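Here's model_20.txt, which has compact mmCIF, C-alpha atoms:
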# COMPACT_ATOMS: atom_id res chain seq x y z
CA PHE A 29 19.50 -19.10 24.86
CA SER A 30 21.39 -16.60 27.01
CA LEU A 31 23.05 -19.45 28.89
CA CYS A 32 24.10 -21.08 25.62
CA ALA A 33 25.58 -17.77 24.46
CA TRP A 34 27.54 -17.51 27.71
CA LEU A 35 28.83 -21.05 27.32
CA THR A 36 30.45 -20.15 23.99
CA THR A 37 32.46 -17.41 25.69
CA TYR A 38 33.47 -19.91 28.37
CA ILE A 39 34.77 -22.29 25.70
CA GLU A 40 36.63 -19.53 23.84
CA PRO A 41 36.96 -16.21 25.74
CA LEU A 42 38.07 -14.36 22.59
CA SER A 43 34.61 -14.91 21.09
CA ALA A 44 33.11 -12.53 23.67
CA GLY A 45 32.24 -9.01 22.61
CA SER A 46 32.07 -7.56 19.15
CA GLY A 47 35.59 -8.51 18.13
CA ILE A 48 36.29 -5.18 16.43
CA PRO A 49 38.82 -3.90 19.02
CA GLU A 50 40.74 -7.17 18.81
CA ILE A 51 40.78 -7.07 15.00
CA LYS A 52 42.00 -3.46 15.06
CA CYS A 53 44.80 -4.49 17.41
CA PHE A 54 45.70 -7.37 15.10
CA LEU A 55 45.79 -5.10 12.05
CA ASN A 56 48.06 -2.68 13.90
CA GLY A 57 50.68 -5.30 14.65
CA LEU A 58 49.57 -6.89 17.94
CA ASN A 59 49.54 -10.66 17.58
CA ILE A 60 46.72 -11.99 19.78
CA PRO A 61 46.81 -15.79 20.22
CA ARG A 62 43.76 -17.72 18.96
CA LEU A 63 42.09 -14.58 17.59
CA VAL A 64 41.69 -15.94 14.05
CA ARG A 65 41.30 -19.64 14.86
CA PHE A 66 38.44 -21.84 13.63
CA LYS A 67 37.36 -22.50 17.23
CA THR A 68 36.89 -18.77 17.75
CA LEU A 69 34.86 -18.59 14.53
CA VAL A 70 32.45 -21.34 15.62
CA CYS A 71 32.02 -19.91 19.13
CA LYS A 72 31.47 -16.41 17.74
CA ALA A 73 28.86 -17.55 15.20
CA VAL A 74 26.97 -19.79 17.63
CA GLY A 75 27.17 -17.19 20.39
CA ILE A 76 25.73 -14.35 18.30
CA ILE A 77 22.91 -16.60 17.07
CA PHE A 78 21.87 -17.47 20.60
CA SER A 79 22.41 -13.90 21.84
CA CYS A 80 20.14 -12.40 19.18
CA SER A 81 17.60 -15.20 19.59
CA SER A 82 17.35 -14.50 23.32
CA GLY A 83 16.50 -10.85 22.67
CA LEU A 84 19.65 -9.38 24.18
CA PRO A 85 20.47 -5.82 23.04
CA LEU A 86 23.32 -6.88 20.79
CA GLY A 87 24.22 -6.10 17.21
CA LYS A 88 25.52 -8.34 14.47
CA GLU A 89 27.90 -5.84 12.89
CA GLY A 90 30.93 -6.49 15.09
CA PRO A 91 30.68 -10.30 14.96
CA MET A 92 30.34 -10.12 11.16
CA VAL A 93 33.62 -8.20 11.00
CA HIS A 94 35.32 -10.72 13.27
CA ILE A 95 33.94 -13.71 11.35
CA GLY A 96 34.99 -12.24 8.00
CA SER A 97 38.47 -11.60 9.35
CA ILE A 98 38.83 -15.19 10.59
CA LEU A 99 37.74 -16.61 7.25
CA ALA A 100 40.15 -14.34 5.38
CA ALA A 101 43.04 -15.27 7.66
CA GLY A 102 42.36 -18.98 7.14
CA LEU A 103 42.16 -18.61 3.37
CA SER A 104 45.40 -16.66 3.20
CA GLN A 105 47.36 -19.31 5.07
CA GLY A 106 45.82 -22.37 3.44
CA LYS A 107 45.99 -24.34 6.67
CA SER A 108 44.15 -24.96 9.94
CA VAL A 109 45.87 -25.44 13.27
CA THR A 110 42.63 -26.71 14.80
CA PHE A 111 42.18 -29.54 12.30
CA GLY A 112 45.86 -30.04 11.59
CA ILE A 113 45.35 -29.34 7.87
CA ASP A 114 48.23 -27.92 5.87
CA THR A 115 47.87 -27.62 2.10
CA SER A 116 50.89 -28.21 -0.06
CA PHE A 117 49.94 -25.78 -2.84
CA GLY A 118 52.93 -23.72 -3.86
CA LYS A 119 50.88 -20.55 -4.43
CA TYR A 120 49.95 -20.37 -0.76
CA GLN A 121 53.60 -19.97 0.20
CA ASP A 122 53.58 -16.38 -1.05
CA PHE A 123 50.81 -15.49 1.41
CA ARG A 124 52.28 -17.17 4.47
CA ASN A 125 53.73 -14.08 6.07
CA ASP A 126 52.41 -11.51 8.53
CA ARG A 127 52.00 -8.72 5.97
CA GLU A 128 49.84 -10.73 3.59
CA LYS A 129 47.87 -12.23 6.46
CA ARG A 130 47.02 -8.80 7.82
CA ASP A 131 46.06 -7.61 4.35
CA PHE A 132 43.66 -10.53 4.03
CA VAL A 133 42.25 -9.80 7.50
CA ALA A 134 41.61 -6.20 6.40
CA CYS A 135 39.73 -7.55 3.36
CA GLY A 136 37.73 -9.85 5.63
CA ALA A 137 36.79 -6.95 7.89
CA ALA A 138 35.61 -4.97 4.85
CA ALA A 139 33.57 -7.98 3.72
CA GLY A 140 31.98 -8.24 7.17
CA VAL A 141 30.84 -4.62 7.10
CA ALA A 142 29.61 -5.01 3.52
CA ALA A 143 27.59 -8.10 4.49
CA ALA A 144 26.10 -6.43 7.56
CA PHE A 145 25.05 -3.18 5.89
CA GLY A 146 25.03 -4.01 2.18
CA ALA A 147 27.61 -1.25 1.67
CA PRO A 148 30.82 -2.34 -0.08
CA ILE A 149 32.36 1.14 -0.12
CA GLY A 150 31.51 1.51 3.56
CA GLY A 151 33.38 -1.71 4.23
CA VAL A 152 36.47 -0.45 2.40
CA LEU A 153 36.36 2.85 4.29
CA PHE A 154 35.99 0.99 7.58
CA SER A 155 39.14 -1.02 6.94
CA LEU A 156 40.93 2.10 5.69
CA GLU A 157 40.01 4.42 8.56
CA GLU A 158 39.47 2.12 11.53
CA GLY A 159 41.55 -0.94 10.76
CA ALA A 160 44.87 -1.10 9.02
CA SER A 161 47.67 1.32 9.84
CA PHE A 162 49.52 0.62 6.58
CA TRP A 163 47.54 1.10 3.40
CA SER A 164 48.33 0.76 -0.28
CA THR A 165 46.56 1.01 -3.61
CA LYS A 166 46.76 -2.75 -4.03
CA LEU A 167 45.07 -3.31 -0.68
CA THR A 168 42.33 -0.83 -1.62
CA TRP A 169 41.41 -2.80 -4.74
CA ARG A 170 41.63 -6.07 -2.86
CA CYS A 171 39.21 -4.85 -0.19
CA PHE A 172 36.86 -3.36 -2.77
CA LEU A 173 36.75 -6.57 -4.82
CA CYS A 174 36.17 -8.63 -1.69
CA ALA A 175 33.39 -6.33 -0.46
CA MET A 176 31.69 -6.26 -3.89
CA THR A 177 31.83 -10.05 -4.10
CA THR A 178 30.27 -10.24 -0.64
CA VAL A 179 27.36 -7.96 -1.56
CA PHE A 180 26.81 -9.82 -4.84
CA THR A 181 26.68 -13.13 -2.97
CA LEU A 182 24.29 -11.63 -0.41
CA TYR A 183 21.93 -10.40 -3.13
CA ALA A 184 22.13 -13.73 -4.95
CA ILE A 185 21.16 -15.66 -1.83
CA ASN A 186 18.34 -13.25 -0.95
CA THR A 187 16.82 -13.40 -4.45
CA VAL A 188 17.31 -17.07 -5.27
CA ASN A 189 13.67 -17.86 -4.44
CA ILE A 190 12.49 -15.52 -7.23
CA LEU A 191 15.16 -16.67 -9.68
CA PHE A 192 17.15 -13.44 -9.27
CA GLY A 193 14.24 -11.39 -10.59
CA HIS A 194 15.05 -8.17 -8.77
CA SER A 195 17.58 -6.90 -6.28
CA ASN A 196 15.49 -4.73 -3.96
CA SER A 197 16.59 -6.78 -0.98
CA GLY A 198 18.61 -4.89 1.58
CA ALA A 199 21.31 -5.92 3.98
CA MET A 200 21.24 -8.82 6.40
CA PHE A 201 19.17 -6.75 8.80
CA SER A 202 17.27 -3.47 8.81
CA PHE A 203 16.82 -0.61 11.24
CA GLY A 204 13.15 -0.38 10.24
CA ALA A 205 11.20 1.81 7.86
CA PHE A 206 10.94 5.57 8.41
CA PHE A 207 7.35 6.76 8.25
CA SER A 208 5.40 9.90 9.03
CA LEU A 209 4.14 10.26 12.58
CA GLN A 210 1.45 12.79 11.63
CA GLY A 211 -0.39 11.22 8.75
CA GLY A 212 1.59 12.23 5.69
CA LYS A 213 3.22 15.34 7.16
CA SER A 214 6.92 15.74 7.66
CA ASN A 215 8.31 14.67 11.02
CA TYR A 216 10.28 17.92 11.37
CA SER A 217 10.08 21.56 10.27
CA VAL A 218 12.54 23.34 8.02
CA TRP A 219 13.80 25.60 10.82
CA GLU A 220 14.75 22.50 12.83
CA LEU A 221 17.45 21.65 10.27
CA SER A 222 19.68 24.28 11.90
CA LEU A 223 19.36 22.43 15.21
CA PHE A 224 20.34 19.18 13.48
CA VAL A 225 23.43 20.91 12.09
CA LEU A 226 24.38 22.21 15.54
CA VAL A 227 23.98 18.76 17.09
CA GLY A 228 26.14 17.27 14.32
CA CYS A 229 28.86 19.90 14.80
CA PHE A 230 28.78 19.41 18.56
CA GLY A 231 29.10 15.64 18.17
CA GLY A 232 31.97 16.07 15.73
CA LEU A 233 33.84 18.36 18.13
CA ILE A 234 33.37 15.93 21.00
CA GLY A 235 34.60 13.07 18.80

Taking this structure as input, can you express it in the form of structure tokens?
Amino acid sequence: FSLCAWLTTYIEPLSAGSGIPEIKCFLNGLNIPRLVRFKTLVCKAVGIIFSCSSGLPLGKEGPMVHIGSILAAGLSQGKSVTFGIDTSFGKYQDFRNDREKRDFVACGAAAGVAAAFGAPIGGVLFSLEEGASFWSTKLTWRCFLCAMTTVFTLYAINTVNILFGHSNSGAMFSFGAFFSLQGGKSNYSVWELSLFVLVGCFGGLIG
């Protein structure tokens, strides 16, 4: 599995890594060739599947952001260079510019975070704080609608086997359940909260 994951990066080097730094560069005006191509999407998806299946210490958050950005970029342009497809719909002409493409990529990044963590507002904040340099009220609502649609689709798929009976399913993956280490007692004392605050302040100052 590890060898198969490496082969995907050999086919498309841009599929290596999380993809978040490249997407941030793209959103800030740096045009990276082949970053949002269909070939990169396939290599990224196949590579992360094999990487996680082989037990490598890798996360799915970054690839989800990259994959969402590629899908959004393709939808905004209504064409594919890889397959040579170019739609003739007149409405797509309004989106075929760099500004609209980057707005769609920001929405795709928000959707990727929302799909990974089940947090639509977190996805919007990620695109706002970490991604796009130029922000507007219109882009905020676009990202929020895209992230909410993503979470709704995720819940619908996770609950389809029980006919959408309840929505207590979480995100695409979990960090595990928190439980007591001492048989029902708290894992920390009240006085230790001050130490947690100090560690948080120290981390914030370093950041």

Non-local contacts of region 164-177 of chain A (6 Å; only C-alpha atoms; under 2 positions in same chain excluded) as a list in words: Cys135, Ala138, Ala139, Ala142, Pro148, Val152, Val179 and Phe180 of chain A

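Between Thr37 (chain A) and the residues A:Asn59, A:Phe78, A:Ser217, A:Cys53, the shortest atom-to-atom distance, using all atoms listed in the file, involves A:Phe78.
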
The distance between CA of Ile77 (chain A) and CA of Asn56 (chain A) is 28.9 Å

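The closest residue to Pro91 (chain A), picked from A:Pro61, A:Gly45, A:Gly231, A:Gly150 and counting only C-alpha atoms, is A:Gly45.
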
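One finds CA of Phe123 (chain A) at 23.0 Å from CA of Phe154 (chain A).
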
Neighbour list for Leu182 (chain A) as a PyMOL selection string, cut-off 7 Å, only C-alpha atoms, skip fewer than 4 positions in-chain: chain A and resi 143+178+186

Between A:Gln105, A:Ser46, A:Ser155, A:Thr36, smallest distance to Val74 (chain A) by all atoms listed in the file belongs to A:Thr36

Interatomic distance between CA of Pro85 (chain A) and CA of Gly47 (chain A)? 16.1 Å

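Using all atoms listed in the file for every distance, the candidate list A:Gly151, A:Gly159, A:Gly136, A:Gly235 yields A:Gly136 as the residue closest to Gly102 (chain A).
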
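Taking all atoms listed in the file into account, Phe162 (chain A) lies nearest to A:Leu55 out of the set A:Ile149, A:Leu55, A:Ile60, A:Cys80.
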
Which residues come within 7 Å of Val93 (chain A), counting all atoms listed in the file, excluding same-chain residues fewer than 6 positions away, as a VMD selection string? chain A and resid 48 136 to 137 140 to 141

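Using all atoms listed in the file for every distance, the candidate list A:Leu69, A:Leu103, A:Leu153, A:Ile76 yields A:Leu103 as the residue closest to Phe132 (chain A).
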
Find the spatial neighbours of Leu42 (chain A), counting all atoms listed in the file, within a cut-off of 9 Å - ignore same-chain residues fewer than 4 positions away - and output them as a ChimeraX atom specification. /A:37,47,50,62-63,68,71-72

Quick one: residues within 8 Å of (18.2, -16.8, 27.3) (file frame), counting all atoms listed in the file, please, as a PyMOL selection string. chain A and resi 29-33+78-79+81-83

For the residues in that selection, give me C-alpha atoms as a short mmCIF file (atom, residue, chain, number, x, y, z; two decimals), keeping the file's coordinate frame.
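As a result, again-v3.cif now contains:
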data_model
loop_
_atom_site.label_atom_id
_atom_site.label_comp_id
_atom_site.auth_asym_id
_atom_site.auth_seq_id
_atom_site.Cartn_x
_atom_site.Cartn_y
_atom_site.Cartn_z
CA PHE A 29 19.50 -19.10 24.86
CA SER A 30 21.39 -16.60 27.01
CA LEU A 31 23.05 -19.45 28.89
CA CYS A 32 24.10 -21.08 25.62
CA ALA A 33 25.58 -17.77 24.46
CA PHE A 78 21.87 -17.47 20.60
CA SER A 79 22.41 -13.90 21.84
CA SER A 81 17.60 -15.20 19.59
CA SER A 82 17.35 -14.50 23.32
CA GLY A 83 16.50 -10.85 22.67
#

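With all atoms listed in the file taken into account, the protein and nucleic acid residues at most 10 Å from Arg124 (chain A) (excluding it and anything under 6 positions from it in its own chain) are Ala101, Ser104, Gln105, Gly106 and Lys107 of chain A.
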